[in-house]
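A quick write-up on the structure given underneath.
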Amino acid sequence: MISLLLILLPLLTGLAAFFIKDEKLVRTWAVLTSFATLTIAILSLCCMNDTKSLNYHCEWLPSLGASFSLKMDGVAQLLCLLNTIAYPLVFIAGWDKTYKNAKNFFALMLLAQAGIMGVFLAADALLFYFFWELALIPMYFLCSQWGGEKRVAVTFKFFIYTFIGSLLMLISILYLYGQTPDHSFSIESFYNLKLTSKQQSIPFWLMFVAFAVKMPIFPVHTWQPDTYEQAPTSTTMILSGVMVKMGVFGLIRWLFPILSTASFVWGDVITLIAIIGMIYASLIALRQDDLKRLVAYSSIAHIGLLCAGMFTQNASGMQGVMIQMFSHGINIIGLWIVVDWIERKTGTRKMSELGGLAQKAPALTIFFVIIALANIALPLTNAFVGEFLIFNGLLGSFTLYNVWYTVLAGVCIILGAAYTLRMIRKVAYGEVNELTANVSDISINGKLALGIIVVLILAAGIYPQPILDLTSGSTDSLVDKFDILRKALLK
Amino acid sequence: MNALILSAILGVILMFSGILFKQKAAIRNIAITGMVLLLAVNVMEMCGIVFFNVNTHGMIVFDRFALLFTTIAFASTLLYLLLSARDMEKVGVNYAEYFTLIFFILCGITLTASFKSLLILFLGIEIISIPLYILTGSDKRNLKSNEASLKYFLLGAFSTGLMLMGIALIYGAMGTFDTTSINIFTEGKPSLLLVTGMLLLLFSMSFKVSAAPFHFWTPDVYDGAPTVFTSFMATIVKAAVFIGFIRLFDEAFGLLRPEWKLFVALIVVATLFIGNITAVFQQSVKRMLAYSSIAQAGFMMMAVYAMNTDAKEGLLLYAVAYSFATIGIFAVLIKMKDYTFDGFNGFAKHQPLLAATTTIFLLSLAGIPLTAGFLSKFYMLKAAMVAGNNLWLVIFAVLMAAVSVYYYFRVIQAMYFKEGDAQPIEVSRSFKLTLVVLAVLIIVFGIYPDLILSHLYF
């Protein structure tokens, strides 16, 4: 029941927001509802966490074998929490911004939240596909309407990429549906499928492409830097902080349990692709002058590590991914808030034109440095725990090339430190120039949002155990599945 | 049977109403009242109330499938008349006759949906076609309209010839026009005569639904015909011929599937490819819609190819989704003076409601979830998948659906994101209301298609 509420609340309040004419009112409305949704998510974590209140089931299309069923396991809880934390942060940080047609903006943002929430909760393949697309449509309108100069073309590229990916996933779903004995789209029937490794290959790749585009993984990442750069920053925060996790989540809930043999067989290839993408993105990030593009490429590198971590298919790697999914979401929203503030105050995103912000905006710089250090995964920050576990997993993964993978991925950490520190040096330190001379320090709402982010970074960095406990159920069952597979193959 | 007789009577009534009433509003009101009556009578027949009991000697069967489709067709026509009946005034002076022809077409649609004998199919298709030739050329002073009408007539007559030839050959092989008897006799190796006749029928039906490579008339005719009538012929008529198509190949040639499977698969691929790729390059929204109707026909052809229960259900849903959405878009397009994509620039600013509903129609045509268009495409893909070993066809269809997003979204981009001053248009309150009803119906059927499909099995 509580899962249904998590979808319905943003959906209905989003629809209502279309009719609120007053800009100030609609902004307040959005903030309040996002806090209400957050409250429900927290409730689902601490008091109403029995399966009866977490899951929901009702008939939908009995003739097709599809039902409206929602399931909230540990991973879903974690990601719903991320989704509900992200929205208040985004709205608070953007409190002093004005939008043309504000009611449509906030309405679409809330609708996107409902769609994303549905993706994390759906326990029926057709329903999952429905939400997968529904999350995309509001994003399309948000980016095309309120974005930068080249927004229409760039957003359309993004849309086409994801749309093709999701259509291929639809075929895969249809194929698997055809194999179920009871002709049902429910996740249990899919989990009980017994397919040979030959039967699994095609649906595996069809589905993986959809998730790979969403994450995005090299070589289908090309929509990402452009979209992050052109989209309105509030939308970029949701895109990079939350939506990207839809792809990783798809791996955990749909791809691995259903097509586990193929995931095991193709694991090496995909890890290699992911690591190539990491190095490639890190090298490009080194050469970026535009802050937004730098963060975008750094995000590709981080997501590549997440993907590689998933395909280690062992406990350490997957647990690391869980923590890192949450951490990446929080950190990148923090980075965007800082970048957005800099852009709004100086009118530029070019690092070569910035400098000396530490003197003019000390509070901003402190937040900036902490978040940037989290981005390089320094100990005591949340990303350290996640990345450490992932590296541990990579080294212990069941492949001939585990050492190589670890070394190559490790290089990316060094590169990551290089470009992040270069960014801090160029933006925060150095001479004050005419562009940065009149910069005021970050406003109170920005401080509040960044403060929450820093607290979360440190909290998860020092005591990550709650996240591990929350998700261990899901990862353990996957790890067991892969252990059995491995043993069967070794014989 | 109710609808068949009433539609013919209504046609005659409207023919004379042109003489009796000079006021156009009166004629329009008669037509709309007649349409409501027709729909009501047909729904009554679905509930078991039959007014006319004529012995057709098994040549016509009003089963659930036929009745459900005619209900859909009548409901779509009613919405079409509510939206666009006013705009027919601009076409020419013979206002009453346009309605007459539309009612005669509906009579033909009823026959095509419920035939049990090849002769009735032929009659139905012809009763649909001949009024359409006239409607296409109804803008008498417009050269393009004349050209379209002539083209349509010549090619249509040729395909009718093919159809007759096919029917004759089948009669020669089997000695019967009855569809079920043809199917029973074909067990064992089918005779060459029968297969040739079947192929001729396949080609002529493909012509009527504008499937490639028999589609060449479509863009010119749809573009040349007055837009009000393009809307009617591209939607309701096309869906009706598809219903006849699937009926024919299910009942008469079901056992011959190994013979025609490959041909239909090739037609599906060619139609999807040509329709979608050519639509990308169009500069006029009207012409784009003509090609999009070819592309959508490709998807509907998949139902003929798969030929199972999913396909039949899906085709009904497709008929609803496609007709509703296209009627809606055309209704808005008719109001515009500039049919190019640029004509829509900045449309959302002047007409937020119209732009929003048009967006829903376009999303439905593109097959985005939450609209009926998605589920109907989904049924088609599922039907093809269940029919076995068709992964390649499904992947191809899906890639083509992705191409279609390009040209449908161009209109959305023009309306919302491009700066420009779309010419101000005047629309009435009832027009807006009908559009909203249409959009809501599309979304409702997109979430809960059983509202329609459950009527198939009672």
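Labels used: A, B, ... for chains in the order of the structure tokens, numbers from 1 for residues in each chain, and numbers from 1 for ligands as shown.
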Exercise answer, chain B residues close to chain A, 7 Å and only C-alpha atoms, as a PyMOL selection string: chain B and resi 369+382+386+398-399+402+417
Print the selection's residues with N, CA and C atoms to a file, as an mmCIF file, in the first residue's frame.
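Wrote it out as selection_9.cif, contents follow:
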```
data_model
loop_
_atom_site.group_PDB
_atom_site.id
_atom_site.type_symbol
_atom_site.label_atom_id
_atom_site.label_comp_id
_atom_site.auth_asym_id
_atom_site.auth_seq_id
_atom_site.Cartn_x
_atom_site.Cartn_y
_atom_site.Cartn_z
ATOM 1 N N PRO B 369 3.663 4.676 -24.198
ATOM 2 C CA PRO B 369 2.761 4.100 -23.207
ATOM 3 C C PRO B 369 1.804 5.116 -22.594
ATOM 4 N N LYS B 382 3.045 -8.570 -29.988
ATOM 5 C CA LYS B 382 2.827 -9.794 -29.227
ATOM 6 C C LYS B 382 2.251 -10.870 -30.140
ATOM 7 N N VAL B 386 3.961 -14.390 -30.764
ATOM 8 C CA VAL B 386 3.309 -15.647 -30.409
ATOM 9 C C VAL B 386 3.197 -16.546 -31.636
ATOM 10 N N VAL B 398 9.957 -2.634 -34.650
ATOM 11 C CA VAL B 398 10.262 -1.742 -33.534
ATOM 12 C C VAL B 398 11.210 -0.628 -33.965
ATOM 13 N N LEU B 399 12.191 -0.978 -34.795
ATOM 14 C CA LEU B 399 13.107 0.055 -35.268
ATOM 15 C C LEU B 399 12.353 1.072 -36.114
ATOM 16 N N ALA B 402 10.592 3.433 -34.011
ATOM 17 C CA ALA B 402 11.494 4.471 -33.505
ATOM 18 C C ALA B 402 11.692 5.558 -34.547
ATOM 19 N N PHE B 417 8.314 24.172 -28.879
ATOM 20 C CA PHE B 417 9.668 24.675 -28.622
ATOM 21 C C PHE B 417 10.173 25.649 -29.665
#
```
Alpha helix (DSSP H) positions in region 27-93 of chain B, given as a ChimeraX atom specification: /B:27-46,64-84
Near-Leu39 (chain B) list (9 Å; only C-alpha atoms; drop same-chain fewer than 6 positions) as number ranges by chain: B: 3, 70-72, 74-75, 78
Export C-alpha atoms of the chosen residues as a PDB file, in the first residue's frame?
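The resulting file, again10.pdb, is reproduced below:
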```
ATOM      1  CA  ALA B   3     -27.086  -0.820 -39.036  1.00  0.00           C
ATOM      2  CA  THR B  70     -19.039  -1.459 -36.724  1.00  0.00           C
ATOM      3  CA  THR B  71     -19.725   0.085 -33.331  1.00  0.00           C
ATOM      4  CA  ILE B  72     -16.162   1.381 -33.263  1.00  0.00           C
ATOM      5  CA  PHE B  74     -19.793   4.427 -36.076  1.00  0.00           C
ATOM      6  CA  ALA B  75     -18.483   5.953 -32.868  1.00  0.00           C
ATOM      7  CA  LEU B  78     -19.807  10.359 -34.932  1.00  0.00           C
TER       8      LEU B  78
END
```
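Every protein, DNA or RNA residue with an atom at most 8 Å from Gly244 (chain B), where only C-alpha atoms count and chain neighbours fewer than 6 positions away do not, is listed here: Thr112, Ala113, Ser114, Phe115 and Leu121 of chain B.
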Two-atom distance - CA of Lys337 (chain B), CA of Val93 (chain B) (Å): 20.5 Å
Contacts of region 375-377 of chain B within 12 Å, only C-alpha atoms, excl. fewer than 5 positions in-chain, as a count of residues only: 58
Selection near Thr155 (chain A), 9 Å with only C-alpha atoms, sequence-local residues under 5 positions removed, as a PyMOL selection string: chain A and resi 139-141+143-144+147+150+160+223+226-227+230-231
Residue nearest Leu259 (chain A) - candidates A:Thr475, A:Gln224, A:Gln200, A:Thr346, atoms counted: only C-alpha atoms: A:Gln200
Contact check, region 203-273 of chain A to region 102-120 of chain A, at most 9 Å, counting only C-alpha atoms, closest pairs as a Markdown table:
```
| residue | atom | partner | partner_atom | distance |
| --- | --- | --- | --- | --- |
| A:Thr235 | CA | A:Met109 | CA | 7.6 |
| A:Ile238 | CA | A:Gln113 | CA | 8.7 |
| A:Val242 | CA | A:Ile116 | CA | 8.0 |
| A:Met243 | CA | A:Ile116 | CA | 6.8 |
| A:Met246 | CA | A:Val119 | CA | 7.1 |
| A:Phe249 | CA | A:Phe120 | CA | 7.3 |
| A:Gly250 | CA | A:Phe120 | CA | 8.5 |
| A:Arg253 | CA | A:Phe120 | CA | 8.9 |
```
For the residues selected in the previous step, produce a file with N, CA and C atoms as a PDB file, in the first residue's frame.
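Produced file result30.pdb, reproduced below:
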```pdb
ATOM      1  N   THR A 235      16.725  19.904 -13.771  1.00  0.00           N
ATOM      2  CA  THR A 235      16.411  18.657 -14.454  1.00  0.00           C
ATOM      3  C   THR A 235      17.650  17.785 -14.576  1.00  0.00           C
ATOM      4  N   ILE A 238      18.157  15.729 -11.522  1.00  0.00           N
ATOM      5  CA  ILE A 238      17.310  14.535 -11.449  1.00  0.00           C
ATOM      6  C   ILE A 238      17.794  13.490 -12.445  1.00  0.00           C
ATOM      7  N   VAL A 242      19.220  10.617 -10.238  1.00  0.00           N
ATOM      8  CA  VAL A 242      18.235   9.572  -9.982  1.00  0.00           C
ATOM      9  C   VAL A 242      17.962   8.705 -11.208  1.00  0.00           C
ATOM     10  N   MET A 243      17.688   9.351 -12.345  1.00  0.00           N
ATOM     11  CA  MET A 243      17.252   8.574 -13.503  1.00  0.00           C
ATOM     12  C   MET A 243      18.287   7.579 -13.975  1.00  0.00           C
ATOM     13  N   MET A 246      18.168   4.157 -12.792  1.00  0.00           N
ATOM     14  CA  MET A 246      17.191   3.232 -13.347  1.00  0.00           C
ATOM     15  C   MET A 246      17.879   2.118 -14.114  1.00  0.00           C
ATOM     16  N   PHE A 249      19.543  -0.241 -11.638  1.00  0.00           N
ATOM     17  CA  PHE A 249      18.475  -0.964 -10.968  1.00  0.00           C
ATOM     18  C   PHE A 249      17.903  -2.055 -11.877  1.00  0.00           C
ATOM     19  N   GLY A 250      17.774  -1.732 -13.163  1.00  0.00           N
ATOM     20  CA  GLY A 250      17.288  -2.725 -14.123  1.00  0.00           C
ATOM     21  C   GLY A 250      18.154  -3.966 -14.125  1.00  0.00           C
ATOM     22  N   ARG A 253      17.303  -5.911 -10.707  1.00  0.00           N
ATOM     23  CA  ARG A 253      16.004  -6.545 -10.518  1.00  0.00           C
ATOM     24  C   ARG A 253      15.575  -7.388 -11.710  1.00  0.00           C
TER      25      ARG A 253
END
```
So that I can see what lies close to region 329-344 of chain A, please list as a PDB file with N, CA and C atoms, in the first residue's frame the residues with an atom at most 6 Å from it, counting only C-alpha atoms and leaving out residues fewer than 4 positions away in the same chain.
```pdb
ATOM      1  N   MET A 237      19.992  17.596 -12.523  1.00  0.00           N
ATOM      2  CA  MET A 237      20.226  16.955 -11.223  1.00  0.00           C
ATOM      3  C   MET A 237      19.423  15.664 -11.127  1.00  0.00           C
ATOM      4  N   GLY A 241      21.284  12.317 -11.130  1.00  0.00           N
ATOM      5  CA  GLY A 241      21.278  11.791  -9.773  1.00  0.00           C
ATOM      6  C   GLY A 241      20.375  10.589  -9.607  1.00  0.00           C
ATOM      7  N   THR A 348      29.312  32.409 -16.540  1.00  0.00           N
ATOM      8  CA  THR A 348      30.130  31.535 -17.379  1.00  0.00           C
ATOM      9  C   THR A 348      30.330  30.203 -16.672  1.00  0.00           C
ATOM     10  N   ARG A 349      30.586  29.179 -17.499  1.00  0.00           N
ATOM     11  CA  ARG A 349      30.913  27.878 -16.932  1.00  0.00           C
ATOM     12  C   ARG A 349      32.334  27.484 -17.296  1.00  0.00           C
TER      13      ARG A 349
END
```
